[in-house]
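Text of my_file-v4.cif, listed as mmCIF, C-alpha atoms:
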```
data_model
loop_
_atom_site.label_atom_id
_atom_site.label_comp_id
_atom_site.auth_asym_id
_atom_site.auth_seq_id
_atom_site.Cartn_x
_atom_site.Cartn_y
_atom_site.Cartn_z
CA MET U 12 -10.75 135.54 -72.29
CA TRP U 13 -12.55 132.92 -74.41
CA LEU U 14 -11.80 134.49 -77.79
CA PRO U 15 -8.33 132.95 -78.41
CA VAL U 16 -9.62 129.57 -77.19
CA PHE U 17 -12.54 129.65 -79.63
CA GLN U 18 -10.23 130.80 -82.44
CA ALA U 19 -7.94 127.84 -81.78
CA LEU U 20 -10.94 125.46 -81.65
CA GLU U 21 -12.27 126.83 -84.93
CA ALA U 22 -8.86 126.11 -86.51
CA SER U 23 -8.69 122.56 -85.08
CA ALA U 24 -8.31 119.61 -87.45
CA MET U 25 -11.70 118.17 -86.49
CA GLY U 26 -13.43 121.51 -86.99
CA GLU U 27 -11.77 121.85 -90.38
CA ALA U 28 -12.76 118.30 -91.37
CA VAL U 29 -16.44 118.82 -90.52
CA ARG U 30 -16.50 122.25 -92.16
CA SER U 31 -14.99 121.08 -95.43
CA SER U 32 -17.29 118.07 -95.80
CA LEU U 33 -20.70 118.35 -97.43
CA TRP U 34 -22.17 115.41 -95.50
CA LEU U 35 -20.48 115.32 -92.11
CA PHE U 36 -22.30 118.23 -90.46
CA PRO U 37 -25.82 117.09 -91.46
CA ILE U 38 -25.14 113.45 -90.54
CA ILE U 39 -23.65 114.32 -87.13
CA GLU U 40 -26.48 116.79 -86.60
CA ALA U 41 -29.04 114.04 -87.30
CA CYS U 42 -27.27 111.74 -84.78
CA HIS U 43 -27.46 114.63 -82.31
CA LEU U 44 -31.25 114.70 -82.87
CA VAL U 45 -31.67 110.93 -82.42
CA GLY U 46 -29.75 111.29 -79.14
CA LEU U 47 -32.08 114.15 -78.22
CA ALA U 48 -35.13 111.92 -78.63
CA VAL U 49 -33.62 109.29 -76.31
CA ILE U 50 -32.35 111.68 -73.64
CA GLY U 51 -35.54 113.75 -73.88
CA GLY U 52 -37.79 110.72 -73.49
CA SER U 53 -35.86 109.15 -70.63
CA ILE U 54 -35.69 112.40 -68.64
CA LEU U 55 -39.24 113.48 -69.42
CA ILE U 56 -40.86 110.18 -68.42
CA VAL U 57 -39.37 110.45 -64.91
CA ASP U 58 -40.28 114.15 -64.65
CA PHE U 59 -43.82 113.26 -65.71
CA ARG U 60 -43.89 110.59 -63.01
CA LEU U 61 -42.79 113.17 -60.42
CA LEU U 62 -45.69 115.35 -61.58
CA GLY U 63 -48.07 112.42 -61.10
CA LEU U 64 -48.49 111.79 -64.83
CA GLY U 65 -47.75 108.79 -67.02
CA LEU U 66 -46.41 105.69 -65.22
CA ARG U 67 -47.80 106.83 -61.87
CA THR U 68 -48.44 103.34 -60.51
CA HIS U 69 -44.72 102.59 -60.41
CA PRO U 70 -42.17 103.83 -57.87
CA VAL U 71 -40.16 106.80 -59.11
CA SER U 72 -36.90 105.22 -58.00
CA ARG U 73 -37.53 102.08 -60.09
CA LEU U 74 -38.08 104.10 -63.25
CA ALA U 75 -35.20 106.47 -62.55
CA ARG U 76 -32.70 103.69 -61.78
CA ASP U 77 -33.79 101.70 -64.82
CA LEU U 78 -33.31 104.68 -67.10
CA GLN U 79 -30.05 105.94 -65.59
CA PRO U 80 -27.84 104.11 -68.15
CA TRP U 81 -29.98 105.48 -70.99
CA VAL U 82 -29.70 109.04 -69.68
CA LEU U 83 -25.94 108.67 -69.31
CA GLY U 84 -25.53 106.86 -72.63
CA SER U 85 -27.55 109.39 -74.61
CA LEU U 86 -25.76 112.27 -72.85
CA VAL U 87 -22.46 110.79 -74.05
CA VAL U 88 -23.87 110.53 -77.60
CA MET U 89 -25.06 114.15 -77.37
CA ILE U 90 -21.65 115.39 -76.24
CA LEU U 91 -19.69 113.25 -78.72
CA SER U 92 -21.84 114.50 -81.60
CA GLY U 93 -22.12 118.04 -80.25
CA VAL U 94 -18.38 118.64 -79.97
CA PRO U 95 -17.57 118.23 -83.72
CA LEU U 96 -20.63 120.34 -84.63
CA PHE U 97 -19.35 123.05 -82.30
CA LEU U 98 -15.75 122.83 -83.53
CA SER U 99 -16.88 123.34 -87.13
CA GLU U 100 -18.37 126.71 -86.25
CA ALA U 101 -16.70 127.72 -83.00
CA MET U 102 -16.44 131.39 -83.95
CA LYS U 103 -20.09 131.57 -84.94
CA CYS U 104 -20.88 130.06 -81.53
CA TYR U 105 -18.63 132.59 -79.79
CA TYR U 106 -20.79 135.41 -81.13
CA SER U 107 -24.06 133.50 -80.67
CA PHE U 108 -26.24 134.44 -77.70
CA ALA U 109 -28.12 131.14 -78.18
CA PHE U 110 -24.89 129.16 -77.79
CA TRP U 111 -23.95 130.78 -74.47
CA THR U 112 -27.52 130.37 -73.23
CA LYS U 113 -27.42 126.71 -74.17
CA MET U 114 -24.06 126.07 -72.49
CA THR U 115 -25.13 127.83 -69.30
CA ALA U 116 -28.39 125.89 -69.25
CA LEU U 117 -26.52 122.65 -70.01
CA LEU U 118 -24.11 123.08 -67.09
CA LEU U 119 -27.01 123.89 -64.77
CA ALA U 120 -29.10 121.00 -66.14
CA ILE U 121 -26.29 118.46 -65.71
CA ALA U 122 -25.44 119.74 -62.24
CA PHE U 123 -29.09 119.65 -61.19
CA THR U 124 -29.82 116.26 -62.75
CA PHE U 125 -26.91 114.45 -61.10
CA THR U 126 -27.28 116.02 -57.66
CA ILE U 127 -30.69 117.20 -56.47
CA ARG U 128 -32.82 115.40 -59.04
CA ARG U 129 -30.83 112.20 -58.57
CA SER U 130 -31.30 112.27 -54.79
CA VAL U 131 -35.02 112.91 -55.12
CA THR U 132 -35.70 110.36 -57.86
CA PHE U 133 -33.52 107.61 -56.36
CA ALA U 134 -35.03 107.98 -52.88
CA ALA U 135 -37.55 105.51 -51.49
CA ASP U 136 -41.21 106.42 -52.00
CA GLY U 137 -42.54 108.86 -49.45
CA ARG U 138 -39.11 110.18 -48.52
CA PHE U 139 -39.84 113.46 -50.34
CA GLY U 140 -43.25 115.13 -50.53
CA PRO U 141 -45.17 115.66 -53.77
CA GLY U 142 -44.52 119.42 -53.63
CA LEU U 143 -40.76 118.97 -53.77
CA GLN U 144 -41.09 116.26 -56.42
CA LYS U 145 -43.12 118.57 -58.62
CA ALA U 146 -40.66 121.44 -58.14
CA VAL U 147 -37.79 119.13 -59.17
CA ALA U 148 -39.72 117.97 -62.24
CA ILE U 149 -40.57 121.50 -63.38
CA THR U 150 -36.98 122.69 -62.83
CA SER U 151 -35.67 119.71 -64.78
CA ILE U 152 -38.09 120.25 -67.70
CA ALA U 153 -37.33 123.99 -67.75
CA LEU U 154 -33.54 123.51 -67.72
CA TRP U 155 -33.46 120.79 -70.37
CA SER U 156 -35.96 122.69 -72.55
CA ALA U 157 -33.67 125.72 -72.39
CA VAL U 158 -30.81 123.49 -73.55
CA GLY U 159 -32.88 122.21 -76.48
CA TRP U 160 -34.27 125.59 -77.54
CA GLY U 161 -30.86 127.23 -77.20
CA GLY U 162 -29.40 124.47 -79.35
CA ARG U 163 -32.01 124.81 -82.06
CA TRP U 164 -31.58 128.58 -81.99
CA ILE U 165 -27.81 128.41 -82.68
CA GLY U 166 -28.82 127.36 -86.18
CA PHE U 167 -31.11 130.33 -86.67
CA SER U 168 -28.63 133.00 -85.64
CA MET R 7 -55.00 120.04 -110.93
CA SER R 8 -51.71 118.20 -110.44
CA LEU R 9 -50.13 118.04 -106.99
CA HIS R 10 -47.31 120.22 -108.30
CA ALA R 11 -49.81 122.87 -109.34
CA ALA R 12 -51.58 122.54 -106.00
CA MET R 13 -48.28 123.15 -104.18
CA GLU R 14 -47.59 126.13 -106.42
CA TRP R 15 -50.97 127.56 -105.52
CA LEU R 16 -50.37 126.84 -101.81
CA ALA R 17 -46.98 128.56 -101.95
CA ASN R 18 -48.64 131.71 -103.23
CA THR R 19 -51.26 131.95 -100.50
CA GLU R 20 -50.87 134.88 -98.17
CA TRP R 21 -50.14 132.86 -95.02
CA SER R 22 -47.56 130.66 -96.69
CA ILE R 23 -45.62 133.71 -97.86
CA ALA R 24 -45.98 135.34 -94.44
CA LEU R 25 -44.58 132.24 -92.69
CA HIS R 26 -41.82 131.85 -95.24
CA GLU R 27 -40.71 135.44 -94.84
CA SER R 28 -41.30 135.71 -91.09
CA GLN R 29 -38.37 136.50 -88.87
CA TYR R 30 -39.41 134.38 -85.90
CA ALA R 31 -42.60 132.40 -86.61
CA TYR R 32 -40.91 129.72 -88.72
CA ALA R 33 -38.07 129.31 -86.22
CA VAL R 34 -40.46 129.09 -83.27
CA ILE R 35 -42.61 126.46 -84.99
CA GLU R 36 -39.55 124.46 -85.92
CA SER R 37 -38.36 124.63 -82.31
CA ILE R 38 -41.75 123.29 -81.20
CA HIS R 39 -41.35 120.51 -83.78
CA VAL R 40 -37.95 119.63 -82.30
CA TRP R 41 -39.11 119.91 -78.68
CA SER R 42 -42.07 117.59 -79.23
CA LEU R 43 -39.58 115.11 -80.68
CA CYS R 44 -38.64 114.41 -77.04
CA LEU R 45 -42.24 113.84 -76.02
CA PHE R 46 -43.33 111.88 -79.06
CA VAL R 47 -40.31 109.92 -80.31
CA GLY R 48 -38.79 109.89 -76.83
CA PHE R 49 -41.83 108.16 -75.34
CA ALA R 50 -42.26 105.90 -78.39
CA VAL R 51 -38.63 104.85 -77.93
CA LEU R 52 -39.33 103.96 -74.27
CA LEU R 53 -42.22 101.74 -75.32
CA ASP R 54 -40.00 100.15 -77.98
CA LEU R 55 -37.20 99.60 -75.46
CA ARG R 56 -39.73 97.92 -73.16
CA LEU R 57 -40.84 95.70 -76.06
CA VAL R 58 -37.30 94.64 -76.95
CA GLY R 59 -36.72 93.90 -73.27
CA ALA R 60 -34.16 96.63 -72.53
CA ILE R 61 -35.95 98.58 -69.77
CA PHE R 62 -38.84 98.50 -67.26
CA HIS R 63 -39.00 94.70 -66.91
CA ASP R 64 -41.44 95.02 -64.01
CA VAL R 65 -43.79 97.40 -65.82
CA PRO R 66 -46.49 95.45 -67.70
CA VAL R 67 -46.56 96.29 -71.41
CA SER R 68 -50.28 97.06 -71.11
CA GLN R 69 -49.44 99.67 -68.41
CA MET R 70 -46.94 101.28 -70.75
CA ALA R 71 -49.58 101.36 -73.47
CA ARG R 72 -52.31 102.69 -71.18
CA ARG R 73 -50.27 105.34 -69.35
CA VAL R 74 -47.57 106.37 -71.80
CA LEU R 75 -49.33 106.02 -75.16
CA PRO R 76 -51.82 108.87 -74.50
CA TRP R 77 -48.87 111.26 -74.06
CA THR R 78 -47.23 109.83 -77.13
CA LYS R 79 -50.44 110.71 -78.98
CA VAL R 80 -50.34 114.27 -77.63
CA GLY R 81 -46.73 114.52 -78.83
CA PHE R 82 -47.71 113.06 -82.18
CA LEU R 83 -50.49 115.63 -82.58
CA VAL R 84 -48.10 118.53 -81.86
CA MET R 85 -45.59 116.95 -84.23
CA VAL R 86 -48.12 116.61 -87.07
CA VAL R 87 -49.62 120.08 -86.64
CA SER R 88 -46.23 121.82 -86.44
CA GLY R 89 -44.97 119.65 -89.31
CA ILE R 90 -47.91 120.63 -91.53
CA VAL R 91 -47.28 124.32 -90.78
CA LEU R 92 -43.59 123.90 -91.63
CA PHE R 93 -44.59 122.21 -94.89
CA TYR R 94 -47.10 124.95 -95.60
CA ALA R 95 -44.37 127.59 -95.24
CA ILE R 96 -42.31 125.99 -98.06
CA PRO R 97 -44.74 123.71 -99.92
CA LEU R 98 -43.38 123.47 -103.45
CA ARG R 99 -39.73 122.91 -102.58
CA THR R 100 -40.64 120.45 -99.80
CA TYR R 101 -42.99 118.51 -102.06
CA HIS R 102 -40.12 117.96 -104.49
CA ASN R 103 -37.54 117.28 -101.76
CA VAL R 104 -36.02 113.78 -101.89
CA PHE R 105 -35.66 113.53 -98.11
CA PHE R 106 -39.23 114.69 -97.55
CA ARG R 107 -40.47 111.94 -99.85
CA ILE R 108 -38.30 109.34 -98.11
CA LYS R 109 -39.59 110.60 -94.76
CA ALA R 110 -43.21 110.31 -95.96
CA VAL R 111 -42.65 106.66 -97.00
CA LEU R 112 -40.89 105.87 -93.69
CA LEU R 113 -43.78 107.47 -91.75
CA ILE R 114 -46.24 105.21 -93.56
CA LEU R 115 -44.06 102.19 -92.75
CA ALA R 116 -43.86 103.22 -89.07
CA GLY R 117 -47.64 103.61 -89.03
CA LEU R 118 -48.12 100.17 -90.59
CA ASN R 119 -45.69 98.66 -88.07
CA ALA R 120 -47.67 100.15 -85.17
CA PHE R 121 -50.97 99.06 -86.72
CA VAL R 122 -49.80 95.47 -87.23
CA PHE R 123 -48.44 95.37 -83.66
CA HIS R 124 -51.67 96.62 -82.10
CA ARG R 125 -53.92 94.40 -84.22
CA GLY R 126 -51.62 91.42 -83.96
CA ILE R 127 -49.51 90.38 -80.99
CA TYR R 128 -50.70 93.22 -78.71
CA ALA R 129 -54.27 91.92 -78.90
CA LYS R 130 -52.99 88.92 -76.85
CA VAL R 131 -50.93 91.05 -74.42
CA SER R 132 -52.58 89.48 -71.38
CA HIS R 133 -50.65 86.28 -72.15
CA TRP R 134 -47.23 88.00 -72.07
CA ASP R 135 -47.76 91.26 -70.19
CA LEU R 136 -44.93 90.70 -67.68
CA ALA R 137 -42.95 88.02 -69.47
CA VAL R 138 -40.23 88.59 -72.05
CA PRO R 139 -42.23 89.90 -75.04
CA PRO R 140 -42.73 87.30 -77.79
CA ARG R 141 -40.70 87.57 -80.97
CA PRO R 142 -43.30 89.53 -83.03
CA ALA R 143 -43.48 92.15 -80.26
CA ARG R 144 -39.70 92.40 -80.01
CA MET R 145 -39.48 92.75 -83.79
CA ALA R 146 -42.16 95.48 -83.78
CA GLY R 147 -40.15 97.38 -81.16
CA LEU R 148 -36.93 96.96 -83.10
CA TRP R 149 -38.52 98.08 -86.39
CA SER R 150 -40.04 101.06 -84.68
CA LEU R 151 -36.64 102.12 -83.27
CA VAL R 152 -34.97 101.80 -86.68
CA LEU R 153 -37.78 103.56 -88.54
CA TRP R 154 -38.00 106.52 -86.15
CA ALA R 155 -34.24 107.02 -86.23
CA ALA R 156 -34.42 107.01 -90.05
CA ILE R 157 -37.37 109.44 -89.94
CA ILE R 158 -35.36 111.84 -87.76
CA PHE R 159 -32.45 111.57 -90.20
CA SER R 160 -34.55 112.23 -93.30
CA GLY R 161 -36.46 115.00 -91.53
CA ARG R 162 -33.26 116.80 -90.62
CA LEU R 163 -31.89 116.45 -94.14
CA ILE R 164 -34.93 118.13 -95.76
CA ALA R 165 -33.15 121.39 -94.92
CA TYR R 166 -30.33 120.65 -97.39
CA ASN R 167 -30.63 121.53 -101.07
CA TRP R 168 -28.23 118.95 -102.55
CA PHE R 169 -30.98 117.28 -104.54
CA ASP R 170 -33.25 120.26 -105.20
CA CYS R 171 -34.97 120.38 -108.58
CA SER R 172 -33.67 123.91 -109.05
CA LYS R 173 -30.35 122.48 -110.21
CA PRO R 174 -29.57 119.71 -112.71
CA GLN R 175 -29.81 116.29 -111.01
CA PRO R 176 -29.00 112.67 -111.93
CA ALA R 177 -31.84 110.59 -113.37
CA THR R 178 -32.58 108.72 -110.13
CA VAL R 179 -32.95 111.97 -108.17
CA THR R 180 -35.10 113.47 -110.91
CA ALA R 181 -37.36 110.43 -110.74
CA ILE R 182 -37.66 110.33 -106.93
CA ALA R 183 -38.13 114.09 -106.55
CA GLY R 184 -40.43 114.43 -109.56
CA CYS R 185 -38.29 117.17 -111.11
CA THR R 186 -39.09 118.58 -114.52
CA PRO R 187 -36.59 120.50 -116.71
CA ASP R 188 -38.54 123.75 -116.36
CA MET R 189 -37.81 123.75 -112.60
CA ILE R 190 -34.08 124.29 -113.11
CA ASP R 191 -33.14 127.77 -112.01
CA PRO R 192 -30.63 129.16 -114.54
CA TYR R 193 -29.55 131.87 -112.12
CA GLN R 194 -28.61 129.53 -109.28
#
```

Starting from the coordinates I provided, produce the structure as structure tokens.
Amino acid sequence: MWLPVFQALEASAMGEAVRSSLWLFPIIEACHLVGLAVIGGSILIVDFRLLGLGLRTHPVSRLARDLQPWVLGSLVVMILSGVPLFLSEAMKCYYSFAFWTKMTALLLAIAFTFTIRRSVTFAADGRFGPGLQKAVAITSIALWSAVGWGGRWIGFS
Amino acid sequence: MSLHAAMEWLANTEWSIALHESQYAYAVIESIHVWSLCLFVGFAVLLDLRLVGAIFHDVPVSQMARRVLPWTKVGFLVMVVSGIVLFYAIPLRTYHNVFFRIKAVLLILAGLNAFVFHRGIYAKVSHWDLAVPPRPARMAGLWSLVLWAAIIFSGRLIAYNWFDCSKPQPATVTAIAGCTPDMIDPYQ
């Protein structure tokens, strides 16, 4: 069902533009990595806090609320840079196990981050127990790590 | 022995060849290198953003340094170790890679920036711990952000062979990369 869609995406003007340029893919890819550092840091620091590590003297909700624009902003950068990278090699992605793993993990990670994790991290201190907080942190780290590893692995396949 | 010769020797060691030819080891180590980017650069960016006054206004800078910096150091260690292994897998080409050399210079600059910050304005952090950081601290944060973004860029570009010594290059590239005519691969 996806095959004709991916074929059309591969043939898109943007895909063609990135593919035919020597510099575009590497430059966009590097932007994607800078975005990764920002989104990785701003998610990880809150997950660390949930695990009782790092900035543990500050309320989780303060850190999470303060970083929310950075998580959203870097996610936008990731998607805006990821889309042209994908379009330039849509057919390769279609046959790439790493790509489908990454996209599945990404959907789960986004869904989890903006529902359960958001409720837990935005809640007042003491509302949720440390056990639940730790479970949320580990789930978040696992999901986002799967996104990152899947992404890196698209390039190796 | 010149550095070039040393890299040539390194490239012919058993483990370097094994890594270079491995199906998964190189990819796994590179994935670790990329993952620890989140821990190391990600956390360094948070400290920088605090310094420039963008986030965590109610977290004292000294708290950030005390509680976040140790993890940044862990990330840095993983980054350096995995980076050395990646270099060791392809030593000669990497040594003569323009982007690798730019990255090395930028890393030194980032190190100097951190050193000057810690020895300088950070030594008086008790005077400005919760206030808007003074100009030298904001500048250190800004420089750090710019330098680490540039380091990520140059690191990513090491993978591309545009300026490799194995093909004829303009004079500037030859000079930066330290290419010699005998390195040109006639079969490429």

Considering all atoms listed in the file, tabulate each residue of chain R that lies at most 10 Å from chain U along with its nearest interatomic pair and the corresponding distance in Å to one decimal; arrange the rows by chain and ascending residue number and present them as CSV.
```
residue,atom,partner,partner_atom,distance
R:Gln29,CA,U:Phe167,CA,9.8
R:Tyr30,CA,U:Phe167,CA,9.3
R:Ala33,CA,U:Phe167,CA,7.0
R:Val34,CA,U:Trp164,CA,9.0
R:Glu36,CA,U:Arg163,CA,8.5
R:Ser37,CA,U:Trp160,CA,6.4
R:Ile38,CA,U:Trp160,CA,8.6
R:Val40,CA,U:Arg163,CA,7.9
R:Trp41,CA,U:Gly159,CA,7.0
R:Ser42,CA,U:Ala48,CA,9.0
R:Leu43,CA,U:Ala48,CA,5.8
R:Cys44,CA,U:Gly51,CA,4.5
R:Leu45,CA,U:Gly52,CA,6.0
R:Phe46,CA,U:Gly52,CA,7.9
R:Val47,CA,U:Ala48,CA,5.8
R:Gly48,CA,U:Gly52,CA,3.6
R:Phe49,CA,U:Gly52,CA,5.1
R:Ala50,CA,U:Gly52,CA,8.2
R:Val51,CA,U:Val49,CA,6.9
R:Leu52,CA,U:Gly52,CA,7.0
R:Ala60,CA,U:Asp77,CA,9.2
R:Ile61,CA,U:Asp77,CA,6.2
R:Phe62,CA,U:Asp77,CA,6.5
R:His63,CA,U:Asp77,CA,9.0
R:Asp64,CA,U:Arg73,CA,9.0
R:Val65,CA,U:His69,CA,7.6
R:Gln69,CA,U:Leu66,CA,7.5
R:Met70,CA,U:Leu66,CA,7.1
R:Ala71,CA,U:Leu66,CA,9.8
R:Arg72,CA,U:Gly65,CA,8.7
R:Arg73,CA,U:Gly65,CA,4.9
R:Val74,CA,U:Gly65,CA,5.4
R:Leu75,CA,U:Gly65,CA,8.7
R:Pro76,CA,U:Gly65,CA,8.5
R:Trp77,CA,U:Gly65,CA,7.5
R:Trp154,CA,U:Val45,CA,8.6
R:Ala155,CA,U:Val45,CA,6.0
R:Ala156,CA,U:Val45,CA,9.0
R:Ile157,CA,U:Val45,CA,9.6
R:Ile158,CA,U:Val45,CA,6.6
R:Phe159,CA,U:Ala41,CA,5.1
R:Ser160,CA,U:Ala41,CA,8.3
R:Gly161,CA,U:Ala41,CA,8.6
R:Arg162,CA,U:Ala41,CA,6.0
R:Leu163,CA,U:Pro37,CA,6.7
R:Ala165,CA,U:Pro37,CA,9.2
R:Tyr166,CA,U:Pro37,CA,8.3
R:Trp168,CA,U:Leu33,CA,9.1
```

Point-to-point distance from CA of Ala120 in chain R to CA of Pro142 in chain R, Å rounded to tenths | 11.7 Å

Picked residues, the PyMOL selection byres ((chain U and resi 128) around 10), as a list in words = Asp58, Ala75, Ala120, Ile121, Ala122, Phe123, Thr124, Phe125, Thr126, Ile127, Arg129, Ser130, Val131, Thr132, Phe133, Ala134, Gln144, Ala146, Val147, Ala148, Thr150 and Ser151 of chain U

Those residues with C-alpha atoms, as a CSV table (one decimal), in the coordinates of the input please?
```csv
chain,number,residue,atom,x,y,z
U,58,ASP,CA,-40.3,114.2,-64.6
U,75,ALA,CA,-35.2,106.5,-62.6
U,120,ALA,CA,-29.1,121.0,-66.1
U,121,ILE,CA,-26.3,118.5,-65.7
U,122,ALA,CA,-25.4,119.7,-62.2
U,123,PHE,CA,-29.1,119.6,-61.2
U,124,THR,CA,-29.8,116.3,-62.8
U,125,PHE,CA,-26.9,114.4,-61.1
U,126,THR,CA,-27.3,116.0,-57.7
U,127,ILE,CA,-30.7,117.2,-56.5
U,129,ARG,CA,-30.8,112.2,-58.6
U,130,SER,CA,-31.3,112.3,-54.8
U,131,VAL,CA,-35.0,112.9,-55.1
U,132,THR,CA,-35.7,110.4,-57.9
U,133,PHE,CA,-33.5,107.6,-56.4
U,134,ALA,CA,-35.0,108.0,-52.9
U,144,GLN,CA,-41.1,116.3,-56.4
U,146,ALA,CA,-40.7,121.4,-58.1
U,147,VAL,CA,-37.8,119.1,-59.2
U,148,ALA,CA,-39.7,118.0,-62.2
U,150,THR,CA,-37.0,122.7,-62.8
U,151,SER,CA,-35.7,119.7,-64.8
```

So what do you get for CA of Leu20 in chain U versus CA of Thr112 in chain U, distance-wise?
-> 19.2 Å

For Asp136 in chain U, the closest of U:Leu61, U:Val88, U:Ile165, U:Ala19 counting only C-alpha atoms is U:Leu61

Once the PyMOL selection byres ((chain R and resi 183) around 7) has been applied to the shown file, what residues remain in the selection, as an MDAnalysis selection string?
-> chainID R and resid 102:104 179:182 184:185

Neighbour list for range 99-103 of chain U as an mmCIF file with C-alpha atoms, in the coordinates of the input, cut-off 7 Å, all atoms listed in the file, skip fewer than 6 positions in-chain:
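Contents of selection19.cif, as written:
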```cif
data_model
loop_
_atom_site.group_PDB
_atom_site.id
_atom_site.type_symbol
_atom_site.label_atom_id
_atom_site.label_comp_id
_atom_site.auth_asym_id
_atom_site.auth_seq_id
_atom_site.Cartn_x
_atom_site.Cartn_y
_atom_site.Cartn_z
ATOM 1 C CA PHE U 17 -12.540 129.650 -79.630
ATOM 2 C CA GLN U 18 -10.230 130.800 -82.440
ATOM 3 C CA LEU U 20 -10.940 125.460 -81.650
ATOM 4 C CA GLU U 21 -12.270 126.830 -84.930
ATOM 5 C CA GLY U 26 -13.430 121.510 -86.990
ATOM 6 C CA GLU U 27 -11.770 121.850 -90.380
ATOM 7 C CA VAL U 29 -16.440 118.820 -90.520
ATOM 8 C CA ARG U 30 -16.500 122.250 -92.160
#
```

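Across the structure, CA of Asp135 in chain R and CA of Val67 in chain R are spaced 5.3 Å apart.
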
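The result of the PyMOL selection byres ((chain R and resi 94) around 9) on the shown file is Met13, Leu16, Ala17, Trp21, Ser22, Leu25, His26, Gly89, Ile90, Val91, Leu92, Phe93, Ala95, Ile96, Pro97, Leu98 and Thr100 of chain R.
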
Counting only C-alpha atoms, the option among U:Ala116, U:Leu83, U:Ile149, U:Leu154 closest to Gly63 in chain U | U:Ile149

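Closest to Ser32 in chain U among U:Ala153, U:Val16, U:Leu86, U:Leu96 is U:Leu96, based on only C-alpha atoms.
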
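Using only C-alpha atoms, the smallest distance between any of R:Val87, R:Ile35, R:Leu53, R:Leu151 and Leu112 in chain R comes from R:Leu151.
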
Pick the closest to Gln79 in chain U from U:Leu98, U:Ala22, U:Leu14, U:Val57: which is it, counting only C-alpha atoms?
-> U:Val57
